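Raw contents of final_13.cif, mmCIF, N, CA and C atoms:
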data_run
#
loop_
_atom_site.label_atom_id
_atom_site.label_comp_id
_atom_site.auth_asym_id
_atom_site.auth_seq_id
_atom_site.Cartn_x
_atom_site.Cartn_y
_atom_site.Cartn_z
N VAL W 1 -110.02 -93.84 40.98
CA VAL W 1 -108.68 -94.21 40.49
C VAL W 1 -108.83 -95.08 39.25
N GLN W 2 -108.05 -94.76 38.25
CA GLN W 2 -108.10 -95.55 37.01
C GLN W 2 -106.71 -95.74 36.44
N LEU W 3 -106.47 -96.95 35.96
CA LEU W 3 -105.34 -97.26 35.11
C LEU W 3 -105.91 -97.92 33.87
N VAL W 4 -105.75 -97.30 32.72
CA VAL W 4 -106.36 -97.81 31.50
C VAL W 4 -105.28 -98.10 30.48
N GLU W 5 -105.11 -99.38 30.19
CA GLU W 5 -104.13 -99.80 29.20
C GLU W 5 -104.72 -99.75 27.79
N SER W 6 -103.86 -99.49 26.82
CA SER W 6 -104.25 -99.51 25.43
C SER W 6 -103.03 -99.85 24.58
N GLY W 7 -103.29 -100.14 23.31
CA GLY W 7 -102.19 -100.38 22.38
C GLY W 7 -101.94 -101.83 22.06
N GLY W 8 -102.65 -102.74 22.73
CA GLY W 8 -102.49 -104.15 22.42
C GLY W 8 -103.10 -104.49 21.07
N GLY W 9 -102.83 -105.69 20.61
CA GLY W 9 -103.37 -106.11 19.34
C GLY W 9 -102.64 -107.32 18.81
N PHE W 10 -102.81 -107.54 17.53
CA PHE W 10 -102.21 -108.69 16.84
C PHE W 10 -101.02 -108.21 16.03
N VAL W 11 -99.90 -108.93 16.17
CA VAL W 11 -98.70 -108.55 15.44
C VAL W 11 -97.93 -109.81 15.06
N GLN W 12 -97.25 -109.76 13.96
CA GLN W 12 -96.44 -110.89 13.52
C GLN W 12 -95.12 -110.93 14.29
N PRO W 13 -94.52 -112.10 14.39
CA PRO W 13 -93.20 -112.20 15.05
C PRO W 13 -92.21 -111.24 14.41
N GLY W 14 -91.42 -110.60 15.26
CA GLY W 14 -90.47 -109.60 14.80
C GLY W 14 -91.04 -108.19 14.76
N GLY W 15 -92.33 -108.07 14.94
CA GLY W 15 -92.98 -106.77 14.90
C GLY W 15 -92.87 -106.01 16.22
N SER W 16 -93.50 -104.85 16.24
CA SER W 16 -93.44 -103.97 17.41
C SER W 16 -94.84 -103.50 17.80
N LEU W 17 -94.98 -103.22 19.07
CA LEU W 17 -96.18 -102.59 19.60
C LEU W 17 -95.76 -101.63 20.71
N ARG W 18 -96.55 -100.60 20.90
CA ARG W 18 -96.33 -99.68 22.01
C ARG W 18 -97.58 -99.66 22.87
N LEU W 19 -97.45 -100.13 24.09
CA LEU W 19 -98.55 -100.09 25.03
C LEU W 19 -98.52 -98.78 25.81
N SER W 20 -99.71 -98.30 26.13
CA SER W 20 -99.85 -97.10 26.96
C SER W 20 -100.72 -97.44 28.17
N CYS W 21 -100.47 -96.74 29.24
CA CYS W 21 -101.29 -96.88 30.44
C CYS W 21 -101.55 -95.48 30.98
N ALA W 22 -102.78 -95.06 30.87
CA ALA W 22 -103.17 -93.72 31.32
C ALA W 22 -103.69 -93.81 32.75
N ALA W 23 -103.13 -92.98 33.61
CA ALA W 23 -103.49 -92.98 35.02
C ALA W 23 -104.35 -91.77 35.35
N ALA W 24 -105.30 -91.98 36.25
CA ALA W 24 -106.15 -90.88 36.70
C ALA W 24 -106.61 -91.16 38.13
N GLY W 25 -106.81 -90.08 38.86
CA GLY W 25 -107.38 -90.21 40.20
C GLY W 25 -106.37 -90.35 41.33
N PHE W 26 -105.10 -90.30 41.00
CA PHE W 26 -104.08 -90.34 42.05
C PHE W 26 -102.86 -89.56 41.56
N SER W 27 -101.95 -89.31 42.48
CA SER W 27 -100.78 -88.49 42.17
C SER W 27 -99.71 -89.34 41.49
N PHE W 28 -99.79 -89.39 40.18
CA PHE W 28 -98.96 -90.27 39.35
C PHE W 28 -97.48 -90.13 39.67
N ARG W 29 -97.04 -88.91 39.92
CA ARG W 29 -95.62 -88.67 40.14
C ARG W 29 -95.09 -89.36 41.40
N GLY W 30 -95.98 -89.73 42.29
CA GLY W 30 -95.57 -90.37 43.53
C GLY W 30 -95.59 -91.88 43.50
N TYR W 31 -95.62 -92.45 42.30
CA TYR W 31 -95.77 -93.89 42.17
C TYR W 31 -94.71 -94.48 41.26
N HIS W 32 -94.21 -95.66 41.69
CA HIS W 32 -93.43 -96.49 40.79
C HIS W 32 -94.40 -97.21 39.86
N MET W 33 -93.99 -97.44 38.65
CA MET W 33 -94.88 -98.03 37.66
C MET W 33 -94.33 -99.37 37.16
N TYR W 34 -95.25 -100.29 36.93
CA TYR W 34 -94.90 -101.66 36.56
C TYR W 34 -95.73 -102.12 35.37
N TRP W 35 -95.14 -102.96 34.57
CA TRP W 35 -95.88 -103.73 33.57
C TRP W 35 -95.72 -105.21 33.93
N PHE W 36 -96.86 -105.88 33.99
CA PHE W 36 -96.91 -107.32 34.18
C PHE W 36 -97.56 -107.93 32.95
N ARG W 37 -97.44 -109.25 32.81
CA ARG W 37 -98.18 -109.95 31.78
C ARG W 37 -98.58 -111.32 32.29
N GLN W 38 -99.65 -111.82 31.70
CA GLN W 38 -100.12 -113.16 32.06
C GLN W 38 -100.62 -113.86 30.82
N ALA W 39 -99.99 -114.96 30.50
CA ALA W 39 -100.41 -115.79 29.38
C ALA W 39 -101.38 -116.85 29.89
N PRO W 40 -102.22 -117.38 29.02
CA PRO W 40 -103.18 -118.41 29.44
C PRO W 40 -102.48 -119.60 30.11
N GLY W 41 -102.96 -119.97 31.28
CA GLY W 41 -102.40 -121.11 31.98
C GLY W 41 -101.10 -120.85 32.69
N LYS W 42 -100.66 -119.60 32.68
CA LYS W 42 -99.37 -119.28 33.32
C LYS W 42 -99.58 -118.24 34.42
N GLU W 43 -98.60 -118.16 35.31
CA GLU W 43 -98.67 -117.16 36.37
C GLU W 43 -98.34 -115.78 35.81
N ARG W 44 -98.81 -114.77 36.54
CA ARG W 44 -98.50 -113.41 36.14
C ARG W 44 -96.99 -113.17 36.29
N GLU W 45 -96.41 -112.51 35.30
CA GLU W 45 -94.97 -112.29 35.24
C GLU W 45 -94.67 -110.80 35.24
N LEU W 46 -93.71 -110.40 36.06
CA LEU W 46 -93.26 -109.01 36.04
C LEU W 46 -92.40 -108.78 34.81
N VAL W 47 -92.75 -107.79 34.03
CA VAL W 47 -92.04 -107.51 32.78
C VAL W 47 -91.05 -106.36 32.94
N ALA W 48 -91.52 -105.25 33.52
CA ALA W 48 -90.66 -104.07 33.61
C ALA W 48 -91.10 -103.19 34.77
N ILE W 49 -90.12 -102.49 35.32
CA ILE W 49 -90.36 -101.54 36.42
C ILE W 49 -89.72 -100.21 36.06
N LEU W 50 -90.40 -99.15 36.41
CA LEU W 50 -89.84 -97.81 36.24
C LEU W 50 -90.10 -97.04 37.53
N ASN W 51 -89.05 -96.48 38.09
CA ASN W 51 -89.23 -95.82 39.37
C ASN W 51 -89.94 -94.48 39.22
N GLN W 52 -90.24 -93.91 40.36
CA GLN W 52 -91.02 -92.68 40.42
C GLN W 52 -90.42 -91.56 39.58
N SER W 53 -89.10 -91.41 39.67
CA SER W 53 -88.45 -90.30 38.99
C SER W 53 -88.13 -90.59 37.54
N GLY W 54 -88.31 -91.83 37.14
CA GLY W 54 -88.09 -92.17 35.73
C GLY W 54 -86.66 -92.48 35.35
N ASP W 55 -85.78 -92.56 36.34
CA ASP W 55 -84.37 -92.79 36.02
C ASP W 55 -83.87 -94.15 36.46
N GLY W 56 -84.79 -95.01 36.86
CA GLY W 56 -84.41 -96.35 37.28
C GLY W 56 -85.35 -97.38 36.68
N THR W 57 -84.78 -98.34 35.96
CA THR W 57 -85.59 -99.36 35.32
C THR W 57 -85.06 -100.75 35.64
N SER W 58 -85.94 -101.72 35.48
CA SER W 58 -85.55 -103.11 35.63
C SER W 58 -86.45 -103.91 34.70
N TYR W 59 -85.86 -104.97 34.11
CA TYR W 59 -86.60 -105.77 33.14
C TYR W 59 -86.45 -107.26 33.43
N ALA W 60 -87.47 -108.00 33.06
CA ALA W 60 -87.33 -109.45 33.08
C ALA W 60 -86.28 -109.86 32.06
N ASP W 61 -85.55 -110.91 32.36
CA ASP W 61 -84.51 -111.37 31.44
C ASP W 61 -85.08 -111.68 30.05
N SER W 62 -86.31 -112.15 30.04
CA SER W 62 -86.93 -112.56 28.77
C SER W 62 -87.20 -111.39 27.83
N VAL W 63 -87.20 -110.16 28.34
CA VAL W 63 -87.51 -109.02 27.48
C VAL W 63 -86.38 -108.00 27.39
N LYS W 64 -85.30 -108.23 28.12
CA LYS W 64 -84.18 -107.28 28.10
C LYS W 64 -83.66 -107.08 26.69
N GLY W 65 -83.44 -105.83 26.33
CA GLY W 65 -82.93 -105.51 25.02
C GLY W 65 -84.01 -105.38 23.96
N ARG W 66 -85.24 -105.78 24.30
CA ARG W 66 -86.34 -105.71 23.34
C ARG W 66 -87.44 -104.75 23.79
N PHE W 67 -87.67 -104.68 25.10
CA PHE W 67 -88.73 -103.83 25.64
C PHE W 67 -88.12 -102.62 26.35
N THR W 68 -88.85 -101.51 26.30
CA THR W 68 -88.42 -100.30 27.00
C THR W 68 -89.62 -99.69 27.70
N ILE W 69 -89.48 -99.45 29.00
CA ILE W 69 -90.52 -98.78 29.76
C ILE W 69 -90.15 -97.31 29.92
N SER W 70 -91.16 -96.45 29.82
CA SER W 70 -90.93 -95.02 29.98
C SER W 70 -92.19 -94.40 30.55
N ARG W 71 -92.05 -93.15 30.99
CA ARG W 71 -93.21 -92.47 31.55
C ARG W 71 -93.19 -91.00 31.16
N ASP W 72 -94.39 -90.44 31.12
CA ASP W 72 -94.56 -89.02 30.88
C ASP W 72 -95.39 -88.49 32.05
N ASN W 73 -94.72 -87.89 33.01
CA ASN W 73 -95.43 -87.44 34.20
C ASN W 73 -96.40 -86.29 33.89
N ALA W 74 -96.12 -85.53 32.86
CA ALA W 74 -97.02 -84.45 32.49
C ALA W 74 -98.33 -85.00 31.93
N GLU W 75 -98.25 -86.18 31.31
CA GLU W 75 -99.44 -86.82 30.72
C GLU W 75 -100.00 -87.92 31.59
N ASN W 76 -99.37 -88.17 32.75
CA ASN W 76 -99.81 -89.25 33.65
C ASN W 76 -99.92 -90.58 32.92
N THR W 77 -98.90 -90.87 32.15
CA THR W 77 -98.94 -92.06 31.30
C THR W 77 -97.60 -92.81 31.38
N VAL W 78 -97.70 -94.12 31.39
CA VAL W 78 -96.52 -94.97 31.30
C VAL W 78 -96.64 -95.80 30.02
N TYR W 79 -95.51 -96.05 29.40
CA TYR W 79 -95.48 -96.74 28.12
C TYR W 79 -94.62 -98.00 28.21
N LEU W 80 -94.91 -98.92 27.32
CA LEU W 80 -94.04 -100.09 27.14
C LEU W 80 -93.84 -100.27 25.64
N GLN W 81 -92.66 -99.93 25.17
CA GLN W 81 -92.30 -100.16 23.77
C GLN W 81 -91.77 -101.57 23.65
N MET W 82 -92.41 -102.34 22.79
CA MET W 82 -92.06 -103.75 22.62
C MET W 82 -91.60 -103.98 21.18
N ASN W 83 -90.35 -104.35 21.04
CA ASN W 83 -89.77 -104.63 19.72
C ASN W 83 -89.37 -106.09 19.61
N SER W 84 -89.14 -106.51 18.39
CA SER W 84 -88.71 -107.90 18.12
C SER W 84 -89.60 -108.90 18.86
N LEU W 85 -90.89 -108.72 18.71
CA LEU W 85 -91.83 -109.54 19.46
C LEU W 85 -91.77 -110.99 19.03
N LYS W 86 -91.99 -111.86 20.01
CA LYS W 86 -91.96 -113.30 19.81
C LYS W 86 -93.32 -113.89 20.19
N PRO W 87 -93.66 -115.05 19.67
CA PRO W 87 -94.94 -115.66 20.07
C PRO W 87 -95.07 -115.83 21.59
N GLU W 88 -93.98 -116.09 22.25
CA GLU W 88 -94.02 -116.25 23.71
C GLU W 88 -94.28 -114.95 24.46
N ASP W 89 -94.29 -113.84 23.76
CA ASP W 89 -94.68 -112.57 24.37
C ASP W 89 -96.20 -112.40 24.42
N SER W 90 -96.92 -113.28 23.77
CA SER W 90 -98.38 -113.19 23.76
C SER W 90 -98.93 -113.33 25.19
N ALA W 91 -99.75 -112.38 25.58
CA ALA W 91 -100.29 -112.37 26.95
C ALA W 91 -101.21 -111.16 27.10
N VAL W 92 -101.90 -111.13 28.22
CA VAL W 92 -102.57 -109.90 28.63
C VAL W 92 -101.55 -109.09 29.43
N TYR W 93 -101.37 -107.85 29.04
CA TYR W 93 -100.41 -106.97 29.70
C TYR W 93 -101.14 -106.01 30.62
N TYR W 94 -100.66 -105.94 31.86
CA TYR W 94 -101.27 -105.12 32.89
C TYR W 94 -100.32 -104.04 33.36
N CYS W 95 -100.90 -102.91 33.63
CA CYS W 95 -100.18 -101.79 34.21
C CYS W 95 -100.50 -101.76 35.72
N ARG W 96 -99.48 -101.47 36.53
CA ARG W 96 -99.66 -101.42 37.97
C ARG W 96 -98.92 -100.22 38.54
N ALA W 97 -99.54 -99.57 39.50
CA ALA W 97 -98.93 -98.42 40.16
C ALA W 97 -98.83 -98.71 41.65
N ILE W 98 -97.64 -98.54 42.21
CA ILE W 98 -97.44 -98.73 43.64
C ILE W 98 -96.79 -97.47 44.19
N SER W 99 -97.38 -96.94 45.24
CA SER W 99 -96.87 -95.70 45.81
C SER W 99 -95.46 -95.90 46.36
N VAL W 100 -94.72 -94.82 46.43
CA VAL W 100 -93.35 -94.87 46.94
C VAL W 100 -93.33 -95.42 48.37
N LEU W 101 -94.35 -95.07 49.14
CA LEU W 101 -94.44 -95.58 50.52
C LEU W 101 -94.91 -97.02 50.57
N GLY W 102 -95.44 -97.52 49.48
CA GLY W 102 -95.91 -98.89 49.43
C GLY W 102 -97.28 -99.11 50.02
N ASP W 103 -97.99 -98.02 50.28
CA ASP W 103 -99.27 -98.16 50.96
C ASP W 103 -100.46 -98.13 50.01
N LYS W 104 -100.21 -97.86 48.75
CA LYS W 104 -101.28 -97.85 47.76
C LYS W 104 -100.84 -98.63 46.53
N ASP W 105 -101.76 -99.37 45.97
CA ASP W 105 -101.43 -100.31 44.90
C ASP W 105 -102.63 -100.39 43.96
N TYR W 106 -102.44 -100.04 42.70
CA TYR W 106 -103.53 -100.03 41.73
C TYR W 106 -103.13 -100.88 40.52
N LEU W 107 -104.12 -101.55 39.95
CA LEU W 107 -103.89 -102.44 38.81
C LEU W 107 -104.91 -102.16 37.73
N GLY W 108 -104.46 -102.07 36.48
CA GLY W 108 -105.38 -101.89 35.37
C GLY W 108 -106.03 -103.19 34.97
N LYS W 109 -106.90 -103.12 33.97
CA LYS W 109 -107.65 -104.30 33.54
C LYS W 109 -106.97 -105.07 32.42
N GLY W 110 -105.93 -104.49 31.86
CA GLY W 110 -105.12 -105.22 30.90
C GLY W 110 -105.46 -104.96 29.45
N THR W 111 -104.49 -105.26 28.60
CA THR W 111 -104.67 -105.19 27.16
C THR W 111 -104.00 -106.42 26.55
N LEU W 112 -104.67 -107.02 25.58
CA LEU W 112 -104.21 -108.30 25.02
C LEU W 112 -103.22 -108.07 23.88
N VAL W 113 -102.11 -108.79 23.96
CA VAL W 113 -101.11 -108.80 22.90
C VAL W 113 -101.01 -110.22 22.36
N THR W 114 -101.16 -110.33 21.06
CA THR W 114 -101.05 -111.64 20.40
C THR W 114 -99.99 -111.55 19.32
N VAL W 115 -98.97 -112.40 19.44
CA VAL W 115 -97.89 -112.44 18.47
C VAL W 115 -97.96 -113.79 17.75
N SER W 116 -98.26 -113.73 16.46
CA SER W 116 -98.45 -114.96 15.72
C SER W 116 -98.28 -114.71 14.24
N SER W 117 -97.84 -115.74 13.53
CA SER W 117 -97.74 -115.63 12.09
C SER W 117 -99.00 -116.17 11.42
#

Translate the structure described by the file into structure tokens.
Amino acid sequence: VQLVESGGGFVQPGGSLRLSCAAAGFSFRGYHMYWFRQAPGKERELVAILNQSGDGTSYADSVKGRFTISRDNAENTVYLQMNSLKPEDSAVYYCRAISVLGDKDYLGKGTLVTVSS
């Protein structure tokens, strides 16, 4: 089983990044997908959720209106489009997959996002 995040990097405030998370080794279509983030010295924070069918989303208040989660079940990939980035968005971003039954839970190794001028 693999969840591999990519797309992180350095961006100036107000900029955009698109994170990707490629899944392998499990039945992607049967999983709800999550993006979390963790900044240095802070607890891990739930950023966005996308349900199995792709028609239900939820966002942290801090990113509403700026971030969009989506998935491509044909490509076994979930995305996080991040716009109007702020320095406080700087963190390691993790992708997580939880089965619809809740009996399986996978976490990627993360990708670093740094927002700074």

Kindly resolve the PyMOL selection byres ((chain W and resi 77-87) around 5) on the present coordinates and return the residues as a list in words.
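On the file shown, the PyMOL selection byres ((chain W and resi 77-87) around 5) covers Pro13, Gly14, Gly15, Ser16, Leu17, Arg18, Leu19, Ser20, Cys21, Ala22, Ala23, Arg66, Phe67, Thr68, Ile69, Ser70, Arg71, Asp72, Glu75, Asn76, Glu88, Asp89, Ser90 and Val115 of chain W.
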
Give one line per residue of stretch 50-96 of chain W that approaches stretch 25-38 of chain W to at most 6 Å, naming the two atoms of the closest pair and their distance in Å to one decimal, counting only N, CA and C atoms; sort by chain then ascending residue number and deliver it as a tab-separated table.
residue	atom	partner	partner_atom	distance
W:Leu50	N	W:Met33	C	4.0
W:Asn51	C	W:His32	CA	4.3
W:Gln52	N	W:His32	CA	4.1
W:Asn76	CA	W:Phe28	CA	5.9
W:Ser90	C	W:Gln38	C	5.9
W:Ala91	CA	W:Gln38	C	4.2
W:Val92	N	W:Gln38	C	4.0
W:Tyr93	CA	W:Arg37	CA	4.3
W:Tyr94	N	W:Phe36	C	3.8
W:Cys95	CA	W:Tyr34	C	4.6
W:Arg96	N	W:Tyr34	C	4.0

Can you list, as number ranges by chain, all residues belonging to chain W that DSSP tags as strand (DSSP E)?
W: 2-6, 9-11, 17-24, 31-38, 45-50, 57-59, 67-72, 77-82, 91-99, 105-107, 111-115

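With atom N of W:Glu5 on one side and atom CA of W:Asp55 on the other, the separation reads 22.5 Å.
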
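Put simply, atom N of W:Leu46 is 14.6 Å away from atom C of W:Thr111.
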
File output, stretch 106-117 of chain W (N, CA, C and O atoms) as a JSON list (two decimals), in the first residue's frame:
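As a result, out_16.json now contains:
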[["chain", "number", "residue", "atom", "x", "y", "z"],
["W", 106, "TYR", "N", -4.73, 4.50, 5.92],
["W", 106, "TYR", "CA", -3.38, 4.64, 5.38],
["W", 106, "TYR", "C", -2.99, 6.12, 5.37],
["W", 106, "TYR", "O", -3.82, 7.00, 5.10],
["W", 107, "LEU", "N", -1.71, 6.36, 5.61],
["W", 107, "LEU", "CA", -1.19, 7.73, 5.67],
["W", 107, "LEU", "C", 0.07, 7.84, 4.84],
["W", 107, "LEU", "O", 0.94, 6.97, 4.91],
["W", 108, "GLY", "N", 0.17, 8.89, 4.04],
["W", 108, "GLY", "CA", 1.38, 9.13, 3.27],
["W", 108, "GLY", "C", 2.47, 9.75, 4.12],
["W", 108, "GLY", "O", 2.28, 10.02, 5.31],
["W", 109, "LYS", "N", 3.62, 9.98, 3.50],
["W", 109, "LYS", "CA", 4.77, 10.51, 4.23],
["W", 109, "LYS", "C", 4.86, 12.03, 4.20],
["W", 109, "LYS", "O", 5.68, 12.61, 4.91],
["W", 110, "GLY", "N", 4.03, 12.65, 3.39],
["W", 110, "GLY", "CA", 3.93, 14.10, 3.42],
["W", 110, "GLY", "C", 4.76, 14.81, 2.38],
["W", 110, "GLY", "O", 5.72, 14.28, 1.83],
["W", 111, "THR", "N", 4.36, 16.05, 2.12],
["W", 111, "THR", "CA", 5.09, 16.94, 1.24],
["W", 111, "THR", "C", 5.11, 18.32, 1.88],
["W", 111, "THR", "O", 4.10, 18.78, 2.43],
["W", 112, "LEU", "N", 6.25, 18.98, 1.83],
["W", 112, "LEU", "CA", 6.44, 20.25, 2.54],
["W", 112, "LEU", "C", 6.00, 21.43, 1.69],
["W", 112, "LEU", "O", 6.39, 21.56, 0.53],
["W", 113, "VAL", "N", 5.19, 22.29, 2.30],
["W", 113, "VAL", "CA", 4.77, 23.54, 1.68],
["W", 113, "VAL", "C", 5.30, 24.69, 2.53],
["W", 113, "VAL", "O", 5.06, 24.72, 3.73],
["W", 114, "THR", "N", 6.01, 25.59, 1.88],
["W", 114, "THR", "CA", 6.54, 26.77, 2.57],
["W", 114, "THR", "C", 6.04, 28.01, 1.86],
["W", 114, "THR", "O", 6.27, 28.17, 0.66],
["W", 115, "VAL", "N", 5.35, 28.86, 2.60],
["W", 115, "VAL", "CA", 4.83, 30.11, 2.06],
["W", 115, "VAL", "C", 5.56, 31.26, 2.75],
["W", 115, "VAL", "O", 5.41, 31.47, 3.95],
["W", 116, "SER", "N", 6.33, 31.98, 1.96],
["W", 116, "SER", "CA", 7.15, 33.03, 2.55],
["W", 116, "SER", "C", 7.55, 34.03, 1.49],
["W", 116, "SER", "O", 7.69, 33.69, 0.30],
["W", 117, "SER", "N", 7.75, 35.28, 1.92],
["W", 117, "SER", "CA", 8.23, 36.29, 0.99],
["W", 117, "SER", "C", 9.75, 36.40, 1.08],
["W", 117, "SER", "O", 10.35, 37.19, 0.36]]
